[in-house]
$ cat structure.pdb   # PDB, C-alpha atoms, pLDDT in the B column
ATOM      1  CA  ARG A  29     163.721 123.987  48.175  1.00 93.00           C
ATOM      2  CA  ARG A  30     163.996 127.794  48.243  1.00 92.00           C
ATOM      3  CA  THR A  31     160.891 128.225  50.426  1.00 92.00           C
ATOM      4  CA  GLU A  32     160.206 131.146  52.753  1.00 93.00           C
ATOM      5  CA  ARG A  33     160.536 128.957  55.843  1.00 91.00           C
ATOM      6  CA  VAL A  34     164.197 128.253  54.940  1.00 90.00           C
ATOM      7  CA  GLN A  35     164.895 131.843  53.825  1.00 93.00           C
ATOM      8  CA  GLY A  36     165.132 130.823  50.160  1.00 92.00           C
ATOM      9  CA  VAL A  37     167.971 128.325  50.675  1.00 94.00           C
ATOM     10  CA  ASP A  38     168.311 125.599  48.038  1.00 96.00           C
ATOM     11  CA  GLN A  39     168.303 122.813  50.630  1.00 95.00           C
ATOM     12  CA  PRO A  40     169.154 119.944  48.232  1.00 96.00           C
ATOM     13  CA  ALA A  41     172.190 121.844  46.921  1.00 97.00           C
ATOM     14  CA  GLU A  42     173.272 122.832  50.441  1.00 96.00           C
ATOM     15  CA  LEU A  43     172.912 119.280  51.794  1.00 96.00           C
ATOM     16  CA  GLY A  44     174.881 118.008  48.804  1.00 97.00           C
ATOM     17  CA  ARG A  45     177.632 120.539  49.521  1.00 97.00           C
ATOM     18  CA  LEU A  46     177.758 119.703  53.232  1.00 97.00           C
ATOM     19  CA  THR A  47     177.846 115.925  52.705  1.00 97.00           C
ATOM     20  CA  GLY A  48     179.853 115.745  49.489  1.00 98.00           C
ATOM     21  CA  MET A  49     177.015 113.713  47.990  1.00 98.00           C
ATOM     22  CA  ALA A  50     174.924 114.114  44.838  1.00 98.00           C
ATOM     23  CA  PRO A  51     171.467 115.612  45.543  1.00 98.00           C
ATOM     24  CA  THR A  52     168.518 114.564  43.401  1.00 98.00           C
ATOM     25  CA  PHE A  53     165.287 116.497  44.000  1.00 98.00           C
ATOM     26  CA  ALA A  54     161.745 115.899  42.753  1.00 98.00           C
ATOM     27  CA  ARG A  55     159.204 118.706  43.113  1.00 97.00           C
ATOM     28  CA  ALA A  56     155.691 117.692  44.155  1.00 94.00           C
ATOM     29  CA  ILE A  57     154.143 121.160  44.599  1.00 89.00           C
ATOM     30  CA  ASP A  58     154.980 124.840  44.663  1.00 89.00           C
ATOM     31  CA  PHE A  59     155.192 125.992  48.288  1.00 92.00           C
ATOM     32  CA  GLN A  60     155.964 129.299  50.034  1.00 92.00           C
ATOM     33  CA  GLY A  61     157.701 130.794  47.006  1.00 90.00           C
ATOM     34  CA  GLY A  62     159.741 127.626  46.421  1.00 93.00           C
ATOM     35  CA  GLU A  63     159.167 123.907  45.989  1.00 96.00           C
ATOM     36  CA  TYR A  64     158.137 121.023  48.250  1.00 93.00           C
ATOM     37  CA  GLY A  65     159.018 117.450  47.342  1.00 95.00           C
ATOM     38  CA  VAL A  66     161.413 114.593  48.048  1.00 97.00           C
ATOM     39  CA  MET A  67     165.161 114.230  47.718  1.00 97.00           C
ATOM     40  CA  LEU A  68     167.841 111.563  47.596  1.00 97.00           C
ATOM     41  CA  LEU A  69     171.466 112.065  48.589  1.00 97.00           C
ATOM     42  CA  SER A  70     173.837 109.524  47.042  1.00 97.00           C
ATOM     43  CA  ARG A  71     177.567 108.960  46.733  1.00 96.00           C
ATOM     44  CA  GLU A  72     177.112 108.050  43.068  1.00 97.00           C
ATOM     45  CA  THR A  73     175.429 110.438  40.618  1.00 98.00           C
ATOM     46  CA  PRO A  74     172.313 108.716  39.238  1.00 98.00           C
ATOM     47  CA  ARG A  75     172.561 107.327  35.714  1.00 98.00           C
ATOM     48  CA  SER A  76     168.942 108.290  35.102  1.00 98.00           C
ATOM     49  CA  VAL A  77     166.049 109.747  37.077  1.00 98.00           C
ATOM     50  CA  ARG A  78     162.294 109.216  36.812  1.00 98.00           C
ATOM     51  CA  LYS A  79     159.624 111.300  38.517  1.00 98.00           C
ATOM     52  CA  LEU A  80     156.060 110.036  38.831  1.00 98.00           C
ATOM     53  CA  PRO A  81     153.270 112.262  40.164  1.00 97.00           C
ATOM     54  CA  LEU A  82     151.145 110.567  42.826  1.00 96.00           C
ATOM     55  CA  PRO A  83     147.595 111.406  43.911  1.00 92.00           C
ATOM     56  CA  GLY A  84     146.545 113.368  46.949  1.00 87.00           C
ATOM     57  CA  ARG A  85     144.687 116.467  47.971  1.00 91.00           C
ATOM     58  CA  GLU A  86     148.227 117.711  48.347  1.00 89.00           C
ATOM     59  CA  PRO A  87     149.885 116.071  45.307  1.00 92.00           C
ATOM     60  CA  ARG A  88     152.844 113.795  45.989  1.00 96.00           C
ATOM     61  CA  ILE A  89     155.668 112.364  43.872  1.00 97.00           C
ATOM     62  CA  LEU A  90     157.771 109.227  43.476  1.00 98.00           C
ATOM     63  CA  LEU A  91     161.452 109.832  42.731  1.00 98.00           C
ATOM     64  CA  LEU A  92     163.299 106.883  41.158  1.00 98.00           C
ATOM     65  CA  ALA A  93     167.054 107.076  40.587  1.00 98.00           C
ATOM     66  CA  GLU A  94     169.027 104.465  38.653  1.00 98.00           C
ATOM     67  CA  PHE A  95     172.479 103.522  39.894  1.00 98.00           C
ATOM     68  CA  ALA A  96     175.012 100.965  38.624  1.00 97.00           C
ATOM     69  CA  ASP A  97     173.600  98.081  40.690  1.00 96.00           C
ATOM     70  CA  CYS A  98     170.080  99.116  41.643  1.00 97.00           C
ATOM     71  CA  TRP A  99     167.243 101.611  41.537  1.00 98.00           C
ATOM     72  CA  VAL A 100     166.468 103.691  44.629  1.00 98.00           C
ATOM     73  CA  GLY A 101     163.130 105.371  45.085  1.00 97.00           C
ATOM     74  CA  CYS A 102     161.726 107.697  47.681  1.00 97.00           C
ATOM     75  CA  THR A 103     158.296 109.101  48.291  1.00 97.00           C
ATOM     76  CA  HIS A 104     156.160 110.802  50.894  1.00 96.00           C
ATOM     77  CA  LEU A 105     152.670 109.359  50.572  1.00 95.00           C
ATOM     78  CA  SER A 106     149.557 111.397  51.279  1.00 93.00           C
ATOM     79  CA  VAL A 107     148.662 111.970  54.903  1.00 89.00           C
ATOM     80  CA  ALA A 108     145.035 112.815  54.057  1.00 86.00           C
ATOM     81  CA  ALA A 109     143.369 109.454  53.308  1.00 88.00           C
ATOM     82  CA  ALA A 110     144.227 105.763  53.012  1.00 90.00           C
ATOM     83  CA  GLU A 111     142.470 105.711  49.612  1.00 94.00           C
ATOM     84  CA  GLU A 112     145.002 108.225  48.264  1.00 95.00           C
ATOM     85  CA  ARG A 113     147.895 106.120  49.603  1.00 95.00           C
ATOM     86  CA  GLU A 114     146.363 102.934  48.144  1.00 95.00           C
ATOM     87  CA  ALA A 115     146.030 104.636  44.739  1.00 96.00           C
ATOM     88  CA  SER A 116     149.711 105.617  45.005  1.00 96.00           C
ATOM     89  CA  VAL A 117     150.678 102.005  45.770  1.00 96.00           C
ATOM     90  CA  ARG A 118     149.073 100.858  42.507  1.00 96.00           C
ATOM     91  CA  LEU A 119     150.997 103.510  40.537  1.00 97.00           C
ATOM     92  CA  ILE A 120     154.278 102.659  42.270  1.00 97.00           C
ATOM     93  CA  ALA A 121     153.791  98.936  41.556  1.00 97.00           C
ATOM     94  CA  GLU A 122     153.302  99.725  37.882  1.00 97.00           C
ATOM     95  CA  ALA A 123     156.337 102.052  37.812  1.00 97.00           C
ATOM     96  CA  VAL A 124     158.776  99.496  39.245  1.00 97.00           C
ATOM     97  CA  LYS A 125     157.472  96.210  37.799  1.00 95.00           C
ATOM     98  CA  ASP A 126     159.693  96.183  34.712  1.00 93.00           C
ATOM     99  CA  LEU A 127     162.869  97.709  36.145  1.00 96.00           C
ATOM    100  CA  ASP A 128     165.853  95.500  35.338  1.00 93.00           C
ATOM    101  CA  LYS A 129     167.734  95.886  38.657  1.00 97.00           C
ATOM    102  CA  PRO A 130     166.871  95.541  42.336  1.00 97.00           C
ATOM    103  CA  VAL A 131     164.592  98.333  43.537  1.00 98.00           C
ATOM    104  CA  PHE A 132     164.875  99.869  47.008  1.00 98.00           C
ATOM    105  CA  LEU A 133     161.980 102.094  48.039  1.00 98.00           C
ATOM    106  CA  THR A 134     162.190 104.440  51.025  1.00 97.00           C
ATOM    107  CA  GLY A 135     160.166 107.133  52.642  1.00 96.00           C
ATOM    108  CA  ASP A 136     157.374 108.377  54.826  1.00 95.00           C
ATOM    109  CA  TRP A 137     154.453 106.196  53.777  1.00 95.00           C
ATOM    110  CA  ASN A 138     152.066 107.595  56.407  1.00 93.00           C
ATOM    111  CA  SER A 139     150.874 104.053  57.099  1.00 93.00           C
ATOM    112  CA  LEU A 140     151.182 101.707  60.052  1.00 92.00           C
ATOM    113  CA  PRO A 141     152.820  98.285  59.583  1.00 94.00           C
ATOM    114  CA  ASP A 142     149.451  96.442  59.698  1.00 93.00           C
ATOM    115  CA  SER A 143     147.628  98.893  57.387  1.00 93.00           C
ATOM    116  CA  SER A 144     145.960  98.163  54.044  1.00 93.00           C
ATOM    117  CA  VAL A 145     148.625 100.337  52.403  1.00 94.00           C
ATOM    118  CA  LEU A 146     151.474  98.144  53.714  1.00 95.00           C
ATOM    119  CA  LYS A 147     149.526  95.033  52.713  1.00 95.00           C
ATOM    120  CA  GLY A 148     149.298  96.453  49.179  1.00 94.00           C
ATOM    121  CA  LEU A 149     153.017  97.187  49.127  1.00 95.00           C
ATOM    122  CA  ASP A 150     153.723  93.637  50.391  1.00 95.00           C
ATOM    123  CA  ALA A 151     152.522  92.378  47.005  1.00 96.00           C
ATOM    124  CA  PHE A 152     155.756  93.653  45.412  1.00 97.00           C
ATOM    125  CA  LEU A 153     158.017  94.911  48.243  1.00 97.00           C
ATOM    126  CA  HIS A 154     159.679  93.396  51.300  1.00 97.00           C
ATOM    127  CA  VAL A 155     160.236  95.832  54.194  1.00 97.00           C
ATOM    128  CA  VAL A 156     163.786  95.545  55.565  1.00 97.00           C
ATOM    129  CA  SER A 157     163.698  98.392  58.100  1.00 96.00           C
ATOM    130  CA  GLU A 158     162.456  98.062  61.667  1.00 93.00           C
ATOM    131  CA  THR A 159     158.656  98.025  61.783  1.00 92.00           C
ATOM    132  CA  GLY A 160     158.418  98.026  65.561  1.00 89.00           C
ATOM    133  CA  ALA A 161     160.444 101.210  65.934  1.00 85.00           C
ATOM    134  CA  ARG A 162     158.903 104.602  66.568  1.00 87.00           C
ATOM    135  CA  THR A 163     159.756 106.662  63.519  1.00 90.00           C
ATOM    136  CA  TYR A 164     157.239 109.475  63.971  1.00 87.00           C
ATOM    137  CA  HIS A 165     156.751 111.498  67.126  1.00 79.00           C
ATOM    138  CA  GLY A 166     154.702 114.434  65.957  1.00 71.00           C
ATOM    139  CA  HIS A 167     151.180 115.433  66.832  1.00 60.00           C
ATOM    140  CA  PRO A 168     148.630 112.556  66.700  1.00 55.00           C
ATOM    141  CA  ALA A 169     146.282 114.657  64.557  1.00 53.00           C
ATOM    142  CA  ASN A 170     148.917 114.609  61.793  1.00 54.00           C
ATOM    143  CA  GLY A 171     149.297 110.820  61.773  1.00 53.00           C
ATOM    144  CA  PRO A 172     147.173 107.833  60.778  1.00 54.00           C
ATOM    145  CA  SER A 173     143.700 107.933  62.293  1.00 51.00           C
ATOM    146  CA  GLY A 174     143.277 106.533  65.793  1.00 48.00           C
ATOM    147  CA  THR A 175     146.980 106.264  66.659  1.00 50.00           C
ATOM    148  CA  ALA A 176     149.060 107.414  69.577  1.00 52.00           C
ATOM    149  CA  SER A 177     151.626 110.145  69.032  1.00 55.00           C
ATOM    150  CA  ASP A 178     154.555 107.727  68.453  1.00 64.00           C
ATOM    151  CA  PHE A 179     154.387 105.101  65.713  1.00 84.00           C
ATOM    152  CA  CYS A 180     156.169 103.609  62.673  1.00 92.00           C
ATOM    153  CA  ILE A 181     155.296 105.175  59.322  1.00 94.00           C
ATOM    154  CA  ASP A 182     158.765 105.403  57.695  1.00 95.00           C
ATOM    155  CA  TYR A 183     160.254 102.450  55.829  1.00 97.00           C
ATOM    156  CA  VAL A 184     162.977 100.983  53.624  1.00 98.00           C
ATOM    157  CA  ALA A 185     162.020  98.058  51.376  1.00 98.00           C
ATOM    158  CA  VAL A 186     163.432  96.002  48.503  1.00 98.00           C
ATOM    159  CA  ASP A 187     161.419  94.500  45.680  1.00 97.00           C
ATOM    160  CA  ASN A 188     160.248  90.929  46.302  1.00 97.00           C
ATOM    161  CA  ALA A 189     162.073  89.553  43.248  1.00 95.00           C
ATOM    162  CA  HIS A 190     165.433  90.549  44.786  1.00 96.00           C
ATOM    163  CA  ALA A 191     164.729  90.412  48.538  1.00 96.00           C
ATOM    164  CA  ALA A 192     166.358  86.982  48.912  1.00 95.00           C
ATOM    165  CA  THR A 193     169.516  88.203  47.154  1.00 96.00           C
ATOM    166  CA  TYR A 194     170.379  90.662  49.942  1.00 96.00           C
ATOM    167  CA  ARG A 195     171.345  90.181  53.562  1.00 96.00           C
ATOM    168  CA  VAL A 196     170.498  92.862  56.117  1.00 97.00           C
ATOM    169  CA  LEU A 197     173.638  93.617  58.114  1.00 97.00           C
ATOM    170  CA  GLU A 198     172.242  96.357  60.291  1.00 97.00           C
ATOM    171  CA  ARG A 199     169.045  98.334  60.750  1.00 97.00           C
ATOM    172  CA  GLY A 200     167.944 100.878  63.239  1.00 94.00           C
ATOM    173  CA  THR A 201     166.159 104.055  64.164  1.00 92.00           C
ATOM    174  CA  VAL A 202     167.929 107.106  65.555  1.00 91.00           C
ATOM    175  CA  GLN A 203     165.704 108.544  68.278  1.00 82.00           C
ATOM    176  CA  ASP A 204     166.334 112.199  67.454  1.00 78.00           C
ATOM    177  CA  ARG A 205     163.417 114.399  68.517  1.00 77.00           C
ATOM    178  CA  THR A 206     165.210 117.678  67.798  1.00 81.00           C
ATOM    179  CA  THR A 207     165.887 117.775  64.058  1.00 79.00           C
ATOM    180  CA  SER A 208     162.511 116.578  62.790  1.00 83.00           C
ATOM    181  CA  ASP A 209     159.202 115.031  63.828  1.00 83.00           C
ATOM    182  CA  HIS A 210     160.509 111.883  62.091  1.00 88.00           C
ATOM    183  CA  ALA A 211     163.378 109.810  63.445  1.00 88.00           C
ATOM    184  CA  PRO A 212     166.053 108.899  60.875  1.00 91.00           C
ATOM    185  CA  ILE A 213     166.021 105.229  59.914  1.00 94.00           C
ATOM    186  CA  TYR A 214     168.852 103.263  58.336  1.00 96.00           C
ATOM    187  CA  VAL A 215     169.455  99.851  56.804  1.00 97.00           C
ATOM    188  CA  THR A 216     172.772  98.384  55.680  1.00 97.00           C
ATOM    189  CA  VAL A 217     172.472  95.545  53.172  1.00 96.00           C
ATOM    190  CA  GLU A 218     174.940  93.523  51.150  1.00 96.00           C
ATOM    191  CA  PRO A 219     174.283  91.377  48.110  1.00 94.00           C
ATOM    192  CA  LEU A 220     174.619  87.642  48.617  1.00 92.00           C
ATOM    193  CA  ARG A 221     177.215  86.063  46.374  1.00 81.00           C
ATOM    194  CA  GLU A 222     176.545  82.737  44.701  1.00 64.00           C
TER     195      GLU A 222
END

$ encode --input "structure.pdb" --output "structure tokens"
Amino acid sequence: RRTERVQGVDQPAELGRLTGMAPTFARAIDFQGGEYGVMLLSRETPRSVRKLPLPGREPRILLLAEFADCWVGCTHLSVAAAEEREASVRLIAEAVKDLDKPVFLTGDWNSLPDSSVLKGLDAFLHVVSETGARTYHGHPANGPSGTASDFCIDYVAVDNAHAATYRVLERGTVQDRTTSDHAPIYVTVEPLRE
């Protein structure tokens, strides 16, 4: 937001204007005269918002937004070391354990599907996005150690306590190599009725 590389544009506000959605931004660090962090766009304005700093040589953040029927979180975990991501997983588990609604967590977790980080998240989250899809196509040096240039590191998950109460209707990955080094992912879910 408002960095030099985007000529000072408030990207969350501009994306909100262009989509007609409510932008919610969480700053992780100051960057190039502006801020670097994560953002949610939502049709509904959040009822409440929580921001939890996460560890990393480049500090990260968890953004949690409460809506009428659920909580939605997003984060961008550290790219530097698995230990930093594992420490973040413990903090995220603590942050969501007592929330009174289903929790959906999304983001760039900088971790492969069979990694220790995903195994740690499995203790309280169920991934509902495609794990075999290629979501990152940047330079191999910027990804998890020892990987090819294309791999899955972006996810959508629901907390284990509510995973069986939702049905996945659709999920996919948009193979767009122009807009970003990450491919957009999407999941459509609906609650199961008793």

$ closest_atom_pairs --input "structure.pdb" --of "stretch 110-145 of chain A" --to "stretch 188-191 of chain A" --cutoff "12 Å" --atoms "all atoms listed in the file" --output "CSV"
residue,atom,partner,partner_atom,distance
A:Ala121,CA,A:Asn188,CA,11.3
A:Val124,CA,A:Asn188,CA,11.2
A:Lys125,CA,A:Ala189,CA,9.8
A:Asp126,CA,A:Ala189,CA,11.1
A:Leu127,CA,A:Ala189,CA,10.8
A:Asp128,CA,A:Ala189,CA,10.6
A:Lys129,CA,A:His190,CA,8.4
A:Pro130,CA,A:His190,CA,5.7
A:Val131,CA,A:His190,CA,7.9
A:Phe132,CA,A:Ala191,CA,9.6
A:Leu133,CA,A:Asn188,CA,11.4

$ resolve_selection --input "structure.pdb" --expression "the PyMOL selection byres ((chain A and resi 143) around 12)" --output "ChimeraX atom specification"
/A:110-111,113-114,137-142,144-150,159,172-173,175,180-181

$ resolve_selection --input "structure.pdb" --expression "the PyMOL selection byres ((chain A and resi 203) around 10)" --output "ChimeraX atom specification"
/A:161-165,200-202,204-206,210-213

$ axis_aligned_box --input "structure.pdb" --around "stretch 43-60 of chain A" --padding-each-side "6 Å" --output "JSON"
{"center_x": 167.0, "center_y": 121.5, "center_z": 48.0, "size_x": 37.7, "size_y": 27.6, "size_z": 22.5}

$ residues_around --input "structure.pdb" --residues "A:Tyr64" --least-positions-apart "2" --cutoff "7 Å" --atoms "only C-alpha atoms" --output "VMD selection string"
chain A and resid 29 55 to 59

$ write_last_selection --input "structure.pdb" --atoms "C-alpha atoms" --output "tab-separated table (two decimals), keeping the file's coordinate frame"
chain	number	residue	atom	x	y	z
A	29	ARG	CA	163.72	123.99	48.18
A	55	ARG	CA	159.20	118.71	43.11
A	56	ALA	CA	155.69	117.69	44.16
A	57	ILE	CA	154.14	121.16	44.60
A	58	ASP	CA	154.98	124.84	44.66
A	59	PHE	CA	155.19	125.99	48.29

$ build_atoms --input "structure.pdb" --residues "stretch 50-62 of chain A" --atoms "N, CA, C and O atoms" --output "PDB file, keeping the file's coordinate frame"
ATOM      1  N   ALA A  50     175.706 113.597  45.957  1.00 98.00           N
ATOM      2  CA  ALA A  50     174.924 114.114  44.838  1.00 98.00           C
ATOM      3  C   ALA A  50     173.458 114.235  45.257  1.00 98.00           C
ATOM      4  O   ALA A  50     172.840 113.238  45.605  1.00 98.00           O
ATOM      5  N   PRO A  51     172.880 115.454  45.220  1.00 98.00           N
ATOM      6  CA  PRO A  51     171.467 115.612  45.543  1.00 98.00           C
ATOM      7  C   PRO A  51     170.597 115.434  44.301  1.00 98.00           C
ATOM      8  O   PRO A  51     170.937 115.915  43.220  1.00 98.00           O
ATOM      9  N   THR A  52     169.492 114.717  44.470  1.00 98.00           N
ATOM     10  CA  THR A  52     168.518 114.564  43.401  1.00 98.00           C
ATOM     11  C   THR A  52     167.159 114.931  43.995  1.00 98.00           C
ATOM     12  O   THR A  52     166.707 114.294  44.943  1.00 98.00           O
ATOM     13  N   PHE A  53     166.523 115.956  43.453  1.00 98.00           N
ATOM     14  CA  PHE A  53     165.287 116.497  44.000  1.00 98.00           C
ATOM     15  C   PHE A  53     164.143 116.284  43.023  1.00 98.00           C
ATOM     16  O   PHE A  53     164.323 116.400  41.815  1.00 98.00           O
ATOM     17  N   ALA A  54     162.957 115.999  43.566  1.00 98.00           N
ATOM     18  CA  ALA A  54     161.745 115.899  42.753  1.00 98.00           C
ATOM     19  C   ALA A  54     160.676 116.788  43.378  1.00 98.00           C
ATOM     20  O   ALA A  54     160.272 116.571  44.517  1.00 98.00           O
ATOM     21  N   ARG A  55     160.220 117.762  42.644  1.00 97.00           N
ATOM     22  CA  ARG A  55     159.204 118.706  43.113  1.00 97.00           C
ATOM     23  C   ARG A  55     157.828 118.054  43.053  1.00 97.00           C
ATOM     24  O   ARG A  55     157.440 117.495  42.029  1.00 97.00           O
ATOM     25  N   ALA A  56     157.078 118.157  44.149  1.00 94.00           N
ATOM     26  CA  ALA A  56     155.691 117.692  44.155  1.00 94.00           C
ATOM     27  C   ALA A  56     154.728 118.862  43.970  1.00 94.00           C
ATOM     28  O   ALA A  56     153.768 118.770  43.213  1.00 94.00           O
ATOM     29  N   ILE A  57     155.003 119.976  44.689  1.00 89.00           N
ATOM     30  CA  ILE A  57     154.143 121.160  44.599  1.00 89.00           C
ATOM     31  C   ILE A  57     154.982 122.419  44.773  1.00 89.00           C
ATOM     32  O   ILE A  57     156.080 122.373  45.300  1.00 89.00           O
ATOM     33  N   ASP A  58     154.417 123.542  44.333  1.00 89.00           N
ATOM     34  CA  ASP A  58     154.980 124.840  44.663  1.00 89.00           C
ATOM     35  C   ASP A  58     154.569 125.152  46.099  1.00 89.00           C
ATOM     36  O   ASP A  58     153.442 124.840  46.515  1.00 89.00           O
ATOM     37  N   PHE A  59     155.476 125.759  46.874  1.00 92.00           N
ATOM     38  CA  PHE A  59     155.192 125.992  48.288  1.00 92.00           C
ATOM     39  C   PHE A  59     155.986 127.180  48.798  1.00 92.00           C
ATOM     40  O   PHE A  59     157.196 127.243  48.596  1.00 92.00           O
ATOM     41  N   GLN A  60     155.327 128.139  49.402  1.00 92.00           N
ATOM     42  CA  GLN A  60     155.964 129.299  50.034  1.00 92.00           C
ATOM     43  C   GLN A  60     157.051 129.941  49.161  1.00 92.00           C
ATOM     44  O   GLN A  60     158.155 130.217  49.624  1.00 92.00           O
ATOM     45  N   GLY A  61     156.749 130.156  47.905  1.00 90.00           N
ATOM     46  CA  GLY A  61     157.701 130.794  47.006  1.00 90.00           C
ATOM     47  C   GLY A  61     158.800 129.881  46.499  1.00 90.00           C
ATOM     48  O   GLY A  61     159.687 130.302  45.774  1.00 90.00           O
ATOM     49  N   GLY A  62     158.750 128.610  46.872  1.00 93.00           N
ATOM     50  CA  GLY A  62     159.741 127.626  46.421  1.00 93.00           C
ATOM     51  C   GLY A  62     159.051 126.329  46.044  1.00 93.00           C
ATOM     52  O   GLY A  62     157.959 126.348  45.469  1.00 93.00           O
TER      53      GLY A  62
END
